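Participant: Below is one structure. I have some questions about it.
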Amino acid sequence: MRLAVHESGGGTKTAVLIHGIMSDSRAWHRVTRELESHGFRVIAVDLAGHGRSPRARNYSPAAWADDVIETLEPLLDGPPDVVMGHSLGGLVASLVADRLAPRAAIYIDPAFSFPTGIRGFAFKLFFAIAPRPKRSALVRMNPKWSANDVDIELATLRDWDKRTILGFVDTRRLVPPARLVTPSLVVLAEKSLLITERVAAQLRGAGMTVATVPGTGHTVFRDDHAGFMDIVCGWLCDHVRLAERVPVPLAVAA
């Protein structure tokens with residue numbers, strides 16, 4: 001299906017952003033602004049079952065990736081410069097990168113593995129039965145988030161199809177890329193929900209750069225936006241020529 005997209009920026013380079021489960025393209029508002037200031041045109045998608053995109057009969061990582069490819073086809077003249085994804089979006093981004101071969105890929109606390117045993121069962125149960133949290137609960141769970149990010153999360157949760165959880169029933173699909181088709185950066189939370197030290201070592205062994213942002217939880221770019229962007233921009237300087245940073249009017253990034 002064709003997905004809803006938020007397209008902004010008029011730079012000569014293209015960045016594709018793919019959000020995590022329960023979220024949508026609005027979560028990237030500060031990341032988008034930073035990338036625009038470095039000369040990027042930014043295309044942020046709403047995956048099926050999220051935001052303004054249609055709902056699907058069935059959800060799976062492969063289907064989400066197919067949707068992204070179909071949506072990007074008329075918007076790109078060639079491979080994008082960067083594909084970036086968070087959590088579920090990190091897994092989808094790896095499938096997209098395998099087919100589009102961007103110049104660089106960035107995976108943020110990606111769903112490249114899933115907890116096993118009792119912890120894994122508790123994760124699935126929580127996602128299946130937990131009600132959408134209220135503002136007070138979100139603030140308690142995410143004390144480093146701005147008030148604006150809390151507002152955005154509440155809005156994205158209202159637009160989220162809870163059936164997307166079924167896309168995670170078979171956790172055997174949650175695996176790292178089978179091959180490295182482009183330079184890849186993995187940015188981890190200090191207390192990652194999904195990537196253990198063993199898996200991080202496997203990613204390094206496969207040739208990926210793995211960095212951790214201290215003091216952050218799963219949504220790294222909201223917990224410490226400045227620390228996250230320092231790592232991302234420093235790494236991109238080695239792989240994608242960044243424009244000298246220029247101020248972006250707030251109205252453009254809204």
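Chains: A, B, ... in order of the structure tokens. Residues: from 1 per chain. Ligands: from 1, in order shown.
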Which polymer residues have any atom within 9 Å of an atom of Pro61 (chain A), counting only C-alpha atoms, with same-chain residues fewer than 3 positions away left out, as a VMD selection string?

Facilitator: chain A and resid 64 to 66 88 to 89 91 to 92 95 167 to 168 173 to 174

Participant: Got a sec to tell me which of region 2-138 of chain A DSSP assigns to strand (DSSP E), as a PyMOL selection string?

Facilitator: chain A and resi 5-8+13-18+40-45+82-86+104-108

Participant: Restricted to N, CA, C and O atoms, what would the selected residues look like written as a CSV table (one decimal), in the first residue's frame?

Facilitator:
```csv
chain,number,residue,atom,x,y,z
A,5,VAL,N,3.1,10.1,4.2
A,5,VAL,CA,4.5,10.5,4.4
A,5,VAL,C,4.5,12.0,4.8
A,5,VAL,O,3.6,12.8,4.5
A,6,HIS,N,5.5,12.3,5.6
A,6,HIS,CA,5.7,13.8,6.0
A,6,HIS,C,7.1,14.1,5.3
A,6,HIS,O,8.1,13.6,5.6
A,7,GLU,N,7.0,14.9,4.3
A,7,GLU,CA,8.2,15.3,3.5
A,7,GLU,C,8.5,16.7,3.8
A,7,GLU,O,7.7,17.6,3.7
A,8,SER,N,9.8,17.0,4.0
A,8,SER,CA,10.2,18.4,4.4
A,8,SER,C,11.7,18.6,4.0
A,8,SER,O,12.4,17.6,3.8
A,13,LYS,N,20.5,16.0,-0.4
A,13,LYS,CA,20.6,14.6,0.1
A,13,LYS,C,19.2,14.2,0.6
A,13,LYS,O,18.4,15.0,1.1
A,14,THR,N,18.9,12.9,0.7
A,14,THR,CA,17.6,12.4,1.1
A,14,THR,C,17.8,11.4,2.3
A,14,THR,O,18.7,10.5,2.3
A,15,ALA,N,17.0,11.7,3.3
A,15,ALA,CA,17.0,10.8,4.5
A,15,ALA,C,15.6,10.2,4.6
A,15,ALA,O,14.6,11.0,4.6
A,16,VAL,N,15.5,8.9,4.8
A,16,VAL,CA,14.2,8.2,5.0
A,16,VAL,C,14.1,7.8,6.5
A,16,VAL,O,15.0,7.1,7.0
A,17,LEU,N,13.1,8.2,7.2
A,17,LEU,CA,12.9,7.9,8.6
A,17,LEU,C,11.7,7.0,8.8
A,17,LEU,O,10.6,7.2,8.3
A,18,ILE,N,11.9,5.9,9.6
A,18,ILE,CA,10.9,4.9,9.9
A,18,ILE,C,10.7,4.7,11.4
A,18,ILE,O,11.7,4.3,12.1
A,40,PHE,N,19.5,18.0,4.3
A,40,PHE,CA,18.7,16.9,3.9
A,40,PHE,C,17.3,17.2,3.5
A,40,PHE,O,16.7,18.1,4.1
A,41,ARG,N,16.8,16.5,2.5
A,41,ARG,CA,15.4,16.4,2.3
A,41,ARG,C,15.0,15.2,3.1
A,41,ARG,O,15.6,14.1,3.0
A,42,VAL,N,13.9,15.3,3.9
A,42,VAL,CA,13.6,14.2,4.8
A,42,VAL,C,12.2,13.7,4.4
A,42,VAL,O,11.2,14.4,4.2
A,43,ILE,N,12.1,12.3,4.3
A,43,ILE,CA,10.9,11.6,4.0
A,43,ILE,C,10.6,10.7,5.2
A,43,ILE,O,11.3,9.7,5.4
A,44,ALA,N,9.6,11.1,6.0
A,44,ALA,CA,9.3,10.3,7.2
A,44,ALA,C,7.9,9.6,6.9
A,44,ALA,O,6.9,10.3,6.6
A,45,VAL,N,7.9,8.3,7.0
A,45,VAL,CA,6.7,7.5,6.7
A,45,VAL,C,5.9,7.2,7.9
A,45,VAL,O,6.4,7.2,9.0
A,82,VAL,N,20.5,8.2,3.4
A,82,VAL,CA,20.4,7.6,4.7
A,82,VAL,C,19.0,7.0,4.9
A,82,VAL,O,18.0,7.6,4.5
A,83,VAL,N,19.0,5.8,5.4
A,83,VAL,CA,17.7,5.2,5.9
A,83,VAL,C,17.9,5.0,7.4
A,83,VAL,O,18.9,4.4,7.9
A,84,MET,N,17.0,5.6,8.2
A,84,MET,CA,17.1,5.5,9.7
A,84,MET,C,15.8,5.0,10.2
A,84,MET,O,14.7,5.3,9.8
A,85,GLY,N,15.9,4.1,11.2
A,85,GLY,CA,14.7,3.5,11.8
A,85,GLY,C,14.9,3.2,13.3
A,85,GLY,O,16.0,2.9,13.8
A,86,HIS,N,13.8,3.3,14.0
A,86,HIS,CA,13.8,3.1,15.5
A,86,HIS,C,13.0,1.9,15.8
A,86,HIS,O,11.8,1.7,15.4
A,104,ALA,N,24.1,5.0,3.6
A,104,ALA,CA,24.3,4.8,5.0
A,104,ALA,C,23.0,4.3,5.6
A,104,ALA,O,21.9,4.7,5.2
A,105,ALA,N,23.1,3.6,6.7
A,105,ALA,CA,21.9,3.1,7.5
A,105,ALA,C,22.1,3.3,8.9
A,105,ALA,O,23.2,3.1,9.4
A,106,ILE,N,21.1,3.8,9.6
A,106,ILE,CA,21.2,4.0,11.1
A,106,ILE,C,20.0,3.3,11.8
A,106,ILE,O,18.8,3.6,11.4
A,107,TYR,N,20.3,2.5,12.7
A,107,TYR,CA,19.3,1.7,13.4
A,107,TYR,C,19.4,2.0,14.9
A,107,TYR,O,20.4,1.9,15.6
A,108,ILE,N,18.2,2.5,15.4
A,108,ILE,CA,18.2,3.0,16.8
A,108,ILE,C,17.5,2.0,17.7
A,108,ILE,O,16.3,1.7,17.5
```

Participant: Any chance you could tabulate, as a tab-separated table, the residues of region 14-119 of chain A at most 10 Å from region 139-162 of chain A with each one's nearest atom pair and distance in Å to one decimal, using only C-alpha atoms, in chain and rising number order?

Facilitator:
```
residue	atom	partner	partner_atom	distance
A:Ile21	CA	A:Trp160	CA	8.5
A:Met22	CA	A:Trp160	CA	5.6
A:Ser23	CA	A:Thr156	CA	5.3
A:Asp24	CA	A:Thr156	CA	6.2
A:Ser25	CA	A:Thr156	CA	8.9
A:Arg26	CA	A:Ile152	CA	6.8
A:Ala27	CA	A:Ile152	CA	6.7
A:Trp28	CA	A:Asp149	CA	9.7
A:His29	CA	A:Asp149	CA	9.1
A:Arg30	CA	A:Asp149	CA	9.7
A:Leu47	CA	A:Trp160	CA	9.9
A:Ala48	CA	A:Asp161	CA	8.7
A:Gly49	CA	A:Asp161	CA	4.9
A:His50	CA	A:Trp160	CA	4.7
A:Gly51	CA	A:Asp159	CA	5.2
A:Arg52	CA	A:Asp159	CA	7.5
A:Ser53	CA	A:Asp159	CA	9.4
A:Pro54	CA	A:Asp161	CA	9.6
A:Arg55	CA	A:Asp161	CA	7.1
A:Ala56	CA	A:Asp161	CA	9.2
```

Participant: Applying 8 Å and only C-alpha atoms, which residues near Asp98 (chain A) remain after dropping the ones on its own chain fewer than 2 positions away? List them as a PyMOL selection string.

Facilitator: chain A and resi 94-96+100-101+177+179-181

Participant: Can you write out the residues you just picked, keeping all heavy atoms, as a PDB file, in the first residue's frame?

Facilitator:
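part-v5.pdb was written with the following content:
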```
ATOM      1  N   SER A  94      16.202  -2.062   8.014  1.00  0.00           N
ATOM      2  CA  SER A  94      17.223  -3.003   7.542  1.00  0.00           C
ATOM      3  C   SER A  94      16.736  -3.771   6.314  1.00  0.00           C
ATOM      4  O   SER A  94      17.525  -4.058   5.400  1.00  0.00           O
ATOM      5  CB  SER A  94      17.617  -3.971   8.665  1.00  0.00           C
ATOM      6  OG  SER A  94      16.585  -4.914   8.932  1.00  0.00           O
ATOM      7  N   LEU A  95      15.456  -4.106   6.269  1.00  0.00           N
ATOM      8  CA  LEU A  95      14.896  -4.788   5.104  1.00  0.00           C
ATOM      9  C   LEU A  95      14.836  -3.850   3.900  1.00  0.00           C
ATOM     10  O   LEU A  95      15.092  -4.269   2.764  1.00  0.00           O
ATOM     11  CB  LEU A  95      13.495  -5.310   5.437  1.00  0.00           C
ATOM     12  CG  LEU A  95      13.397  -6.304   6.597  1.00  0.00           C
ATOM     13  CD1 LEU A  95      11.941  -6.663   6.887  1.00  0.00           C
ATOM     14  CD2 LEU A  95      14.214  -7.559   6.318  1.00  0.00           C
ATOM     15  N   VAL A  96      14.513  -2.592   4.160  1.00  0.00           N
ATOM     16  CA  VAL A  96      14.487  -1.590   3.091  1.00  0.00           C
ATOM     17  C   VAL A  96      15.905  -1.351   2.566  1.00  0.00           C
ATOM     18  O   VAL A  96      16.137  -1.273   1.350  1.00  0.00           O
ATOM     19  CB  VAL A  96      13.861  -0.279   3.611  1.00  0.00           C
ATOM     20  CG1 VAL A  96      14.041   0.851   2.596  1.00  0.00           C
ATOM     21  CG2 VAL A  96      12.378  -0.478   3.906  1.00  0.00           C
ATOM     22  N   LEU A 100      17.297  -1.249  -1.222  1.00  0.00           N
ATOM     23  CA  LEU A 100      17.588   0.046  -1.841  1.00  0.00           C
ATOM     24  C   LEU A 100      19.066   0.419  -1.804  1.00  0.00           C
ATOM     25  O   LEU A 100      19.491   1.317  -2.524  1.00  0.00           O
ATOM     26  CB  LEU A 100      16.783   1.150  -1.148  1.00  0.00           C
ATOM     27  CG  LEU A 100      15.261   1.121  -1.308  1.00  0.00           C
ATOM     28  CD1 LEU A 100      14.660   2.370  -0.679  1.00  0.00           C
ATOM     29  CD2 LEU A 100      14.862   1.034  -2.775  1.00  0.00           C
ATOM     30  N   ALA A 101      19.853  -0.245  -0.957  1.00  0.00           N
ATOM     31  CA  ALA A 101      21.287   0.026  -0.829  1.00  0.00           C
ATOM     32  C   ALA A 101      21.566   1.524  -0.672  1.00  0.00           C
ATOM     33  O   ALA A 101      22.228   2.137  -1.507  1.00  0.00           O
ATOM     34  CB  ALA A 101      22.045  -0.532  -2.025  1.00  0.00           C
ATOM     35  N   PRO A 177      20.369  -7.795  10.046  1.00  0.00           N
ATOM     36  CA  PRO A 177      20.521  -8.002   8.595  1.00  0.00           C
ATOM     37  C   PRO A 177      21.404  -9.214   8.298  1.00  0.00           C
ATOM     38  O   PRO A 177      22.418  -9.438   8.964  1.00  0.00           O
ATOM     39  CB  PRO A 177      21.188  -6.697   8.125  1.00  0.00           C
ATOM     40  CG  PRO A 177      20.853  -5.687   9.171  1.00  0.00           C
ATOM     41  CD  PRO A 177      20.764  -6.444  10.464  1.00  0.00           C
ATOM     42  N   ARG A 179      23.137  -9.573   5.655  1.00  0.00           N
ATOM     43  CA  ARG A 179      24.352  -9.101   4.996  1.00  0.00           C
ATOM     44  C   ARG A 179      24.425  -7.595   5.138  1.00  0.00           C
ATOM     45  O   ARG A 179      23.400  -6.919   5.264  1.00  0.00           O
ATOM     46  CB  ARG A 179      24.364  -9.495   3.512  1.00  0.00           C
ATOM     47  CG  ARG A 179      23.184  -8.923   2.723  1.00  0.00           C
ATOM     48  CD  ARG A 179      23.064  -9.518   1.341  1.00  0.00           C
ATOM     49  NE  ARG A 179      21.941  -8.943   0.603  1.00  0.00           N
ATOM     50  CZ  ARG A 179      22.066  -8.256  -0.527  1.00  0.00           C
ATOM     51  NH1 ARG A 179      23.259  -8.056  -1.050  1.00  0.00           N
ATOM     52  NH2 ARG A 179      20.998  -7.777  -1.137  1.00  0.00           N
ATOM     53  N   LEU A 180      25.627  -7.074   5.144  1.00  0.00           N
ATOM     54  CA  LEU A 180      25.843  -5.644   5.302  1.00  0.00           C
ATOM     55  C   LEU A 180      25.975  -5.028   3.910  1.00  0.00           C
ATOM     56  O   LEU A 180      26.987  -5.222   3.235  1.00  0.00           O
ATOM     57  CB  LEU A 180      27.097  -5.389   6.128  1.00  0.00           C
ATOM     58  CG  LEU A 180      27.253  -3.998   6.736  1.00  0.00           C
ATOM     59  CD1 LEU A 180      26.132  -3.720   7.728  1.00  0.00           C
ATOM     60  CD2 LEU A 180      28.599  -3.886   7.440  1.00  0.00           C
ATOM     61  N   VAL A 181      24.951  -4.304   3.472  1.00  0.00           N
ATOM     62  CA  VAL A 181      24.953  -3.739   2.126  1.00  0.00           C
ATOM     63  C   VAL A 181      25.401  -2.285   2.117  1.00  0.00           C
ATOM     64  O   VAL A 181      25.625  -1.714   1.049  1.00  0.00           O
ATOM     65  CB  VAL A 181      23.552  -3.841   1.473  1.00  0.00           C
ATOM     66  CG1 VAL A 181      23.154  -5.296   1.305  1.00  0.00           C
ATOM     67  CG2 VAL A 181      22.507  -3.084   2.278  1.00  0.00           C
TER      68      VAL A 181
END
```

Participant: What are the nearest atom pairs, with distances in Å to one decimal, for all residues of region 184-204 of chain A that come at most 8 Å from region 213-226 of chain A, using only C-alpha atoms, set out by chain and rising residue number as CSV?

Facilitator:
```
residue,atom,partner,partner_atom,distance
A:Val187,CA,A:Val213,CA,7.2
A:Leu188,CA,A:Val213,CA,6.4
A:Ala189,CA,A:Thr216,CA,5.1
A:Glu190,CA,A:Pro214,CA,5.2
A:Lys191,CA,A:Gly217,CA,5.7
A:Ser192,CA,A:His218,CA,5.9
A:Leu193,CA,A:His218,CA,6.3
```

Participant: With C-alpha atoms retained, write the just-selected residues as a tab-separated table (two decimals), in the first residue's frame.

Facilitator:
```tsv
chain	number	residue	atom	x	y	z
A	187	VAL	CA	22.63	3.55	18.35
A	188	LEU	CA	21.62	1.82	21.57
A	189	ALA	CA	19.92	2.92	24.75
A	190	GLU	CA	21.96	2.45	27.90
A	191	LYS	CA	19.25	0.06	29.06
A	192	SER	CA	18.24	-1.44	25.75
A	193	LEU	CA	14.98	-3.38	25.72
```

Participant: Choose the residue, out of A:Ala111, A:Val31, A:Ile231, A:Ala4, that has the smallest atom-to-atom separation from Leu194 (chain A); count only C-alpha atoms.

Facilitator: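 For Leu194 (chain A), the nearest of the given residues is A:Ala111.
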
Participant: Please identify the helix (DSSP H, G or I) residues within region 3-233 of chain A (assignment by DSSP from backbone atoms) and present them as a tab-separated table (two decimals) with C-alpha atoms, in the first residue's frame.

Facilitator:
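What follows is the written file result29.tsv:
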```
chain	number	residue	atom	x	y	z
A	25	SER	CA	6.32	10.21	11.67
A	26	ARG	CA	5.55	12.95	14.20
A	27	ALA	CA	8.01	11.41	16.66
A	28	TRP	CA	10.91	12.56	14.46
A	29	HIS	CA	10.18	16.31	14.66
A	30	ARG	CA	13.50	17.31	16.24
A	31	VAL	CA	15.57	14.81	14.27
A	32	THR	CA	13.93	16.08	11.08
A	33	ARG	CA	14.82	19.67	11.91
A	34	GLU	CA	18.46	18.74	12.54
A	35	LEU	CA	18.75	16.79	9.30
A	36	GLU	CA	17.20	19.65	7.33
A	37	SER	CA	19.79	22.00	8.80
A	61	PRO	CA	8.02	-6.83	9.04
A	62	ALA	CA	8.21	-7.95	5.40
A	63	ALA	CA	4.85	-6.36	4.58
A	64	TRP	CA	5.82	-3.10	6.26
A	65	ALA	CA	9.04	-3.04	4.22
A	66	ASP	CA	7.12	-3.72	0.99
A	67	ASP	CA	4.86	-0.76	1.78
A	68	VAL	CA	7.84	1.53	2.36
A	69	ILE	CA	9.47	0.48	-0.92
A	70	GLU	CA	6.22	1.03	-2.85
A	71	THR	CA	5.75	4.44	-1.23
A	72	LEU	CA	9.33	5.60	-1.89
A	73	GLU	CA	9.44	4.51	-5.52
A	74	PRO	CA	7.82	7.67	-6.99
A	75	LEU	CA	9.64	9.93	-4.50
A	88	LEU	CA	10.35	-1.89	14.80
A	89	GLY	CA	11.34	0.80	12.31
A	90	GLY	CA	14.95	-0.29	12.70
A	91	LEU	CA	14.06	-3.81	11.63
A	92	VAL	CA	11.98	-2.49	8.72
A	93	ALA	CA	14.78	-0.08	7.77
A	94	SER	CA	17.22	-3.00	7.54
A	95	LEU	CA	14.90	-4.79	5.10
A	96	VAL	CA	14.49	-1.59	3.09
A	97	ALA	CA	18.25	-1.00	3.07
A	98	ASP	CA	18.83	-4.52	1.78
A	99	ARG	CA	16.75	-3.63	-1.28
A	100	LEU	CA	17.59	0.05	-1.84
A	117	GLY	CA	11.77	-17.09	28.29
A	118	ILE	CA	9.59	-15.44	30.93
A	119	ARG	CA	10.80	-11.94	30.03
A	120	GLY	CA	9.82	-12.43	26.41
A	121	PHE	CA	6.41	-13.79	27.39
A	122	ALA	CA	5.87	-10.78	29.69
A	123	PHE	CA	6.74	-8.41	26.83
A	124	LYS	CA	4.16	-9.99	24.53
A	125	LEU	CA	1.51	-10.04	27.26
A	126	PHE	CA	2.12	-6.39	28.09
A	127	PHE	CA	1.70	-5.26	24.48
A	128	ALA	CA	-1.38	-7.44	24.04
A	129	ILE	CA	-3.40	-6.34	27.07
A	135	ARG	CA	-0.46	11.44	30.31
A	136	SER	CA	0.57	10.98	33.94
A	137	ALA	CA	1.80	7.45	33.24
A	138	LEU	CA	3.77	8.55	30.19
A	139	VAL	CA	5.47	11.30	32.19
A	140	ARG	CA	6.40	8.83	34.94
A	141	MET	CA	7.77	6.31	32.45
A	147	ALA	CA	5.98	18.14	27.19
A	148	ASN	CA	5.73	18.35	23.41
A	149	ASP	CA	6.95	14.77	23.00
A	150	VAL	CA	4.41	13.58	25.57
A	151	ASP	CA	1.66	15.33	23.59
A	152	ILE	CA	2.88	13.73	20.36
A	153	GLU	CA	3.01	10.28	21.93
A	154	LEU	CA	-0.56	10.60	23.19
A	155	ALA	CA	-1.68	11.64	19.70
A	156	THR	CA	0.15	8.81	17.97
A	157	LEU	CA	-1.26	6.26	20.40
A	158	ARG	CA	-4.79	7.42	19.52
A	162	LYS	CA	-3.31	-2.25	18.22
A	163	ARG	CA	-3.53	-5.22	15.85
A	164	THR	CA	-0.03	-4.30	14.64
A	165	ILE	CA	1.18	-6.26	17.67
A	166	LEU	CA	0.29	-9.41	15.70
A	167	GLY	CA	3.24	-8.60	13.46
A	168	PHE	CA	5.45	-9.66	16.37
A	171	THR	CA	9.66	-13.33	16.93
A	172	ARG	CA	11.93	-15.49	14.75
A	173	ARG	CA	11.62	-12.69	12.19
A	197	GLU	CA	25.64	-7.36	25.03
A	198	ARG	CA	25.85	-10.63	23.14
A	199	VAL	CA	23.76	-9.31	20.24
A	200	ALA	CA	25.70	-6.01	20.24
A	201	ALA	CA	28.92	-8.01	19.90
A	202	GLN	CA	27.41	-9.90	16.96
A	203	LEU	CA	26.53	-6.61	15.26
A	204	ARG	CA	30.09	-5.33	15.70
A	205	GLY	CA	31.39	-8.61	14.35
A	220	VAL	CA	17.00	7.34	22.61
A	221	PHE	CA	16.42	10.44	20.50
A	222	ARG	CA	13.76	11.71	22.92
A	223	ASP	CA	15.66	10.95	26.13
A	225	HIS	CA	18.33	14.40	21.65
A	226	ALA	CA	21.62	16.32	21.71
A	227	GLY	CA	23.67	13.25	22.65
A	228	PHE	CA	21.94	11.19	19.99
A	229	MET	CA	22.50	13.76	17.24
A	230	ASP	CA	26.16	14.20	18.21
A	231	ILE	CA	26.73	10.49	17.56
A	232	VAL	CA	24.66	10.45	14.36
A	233	CYS	CA	26.18	13.58	12.81
```
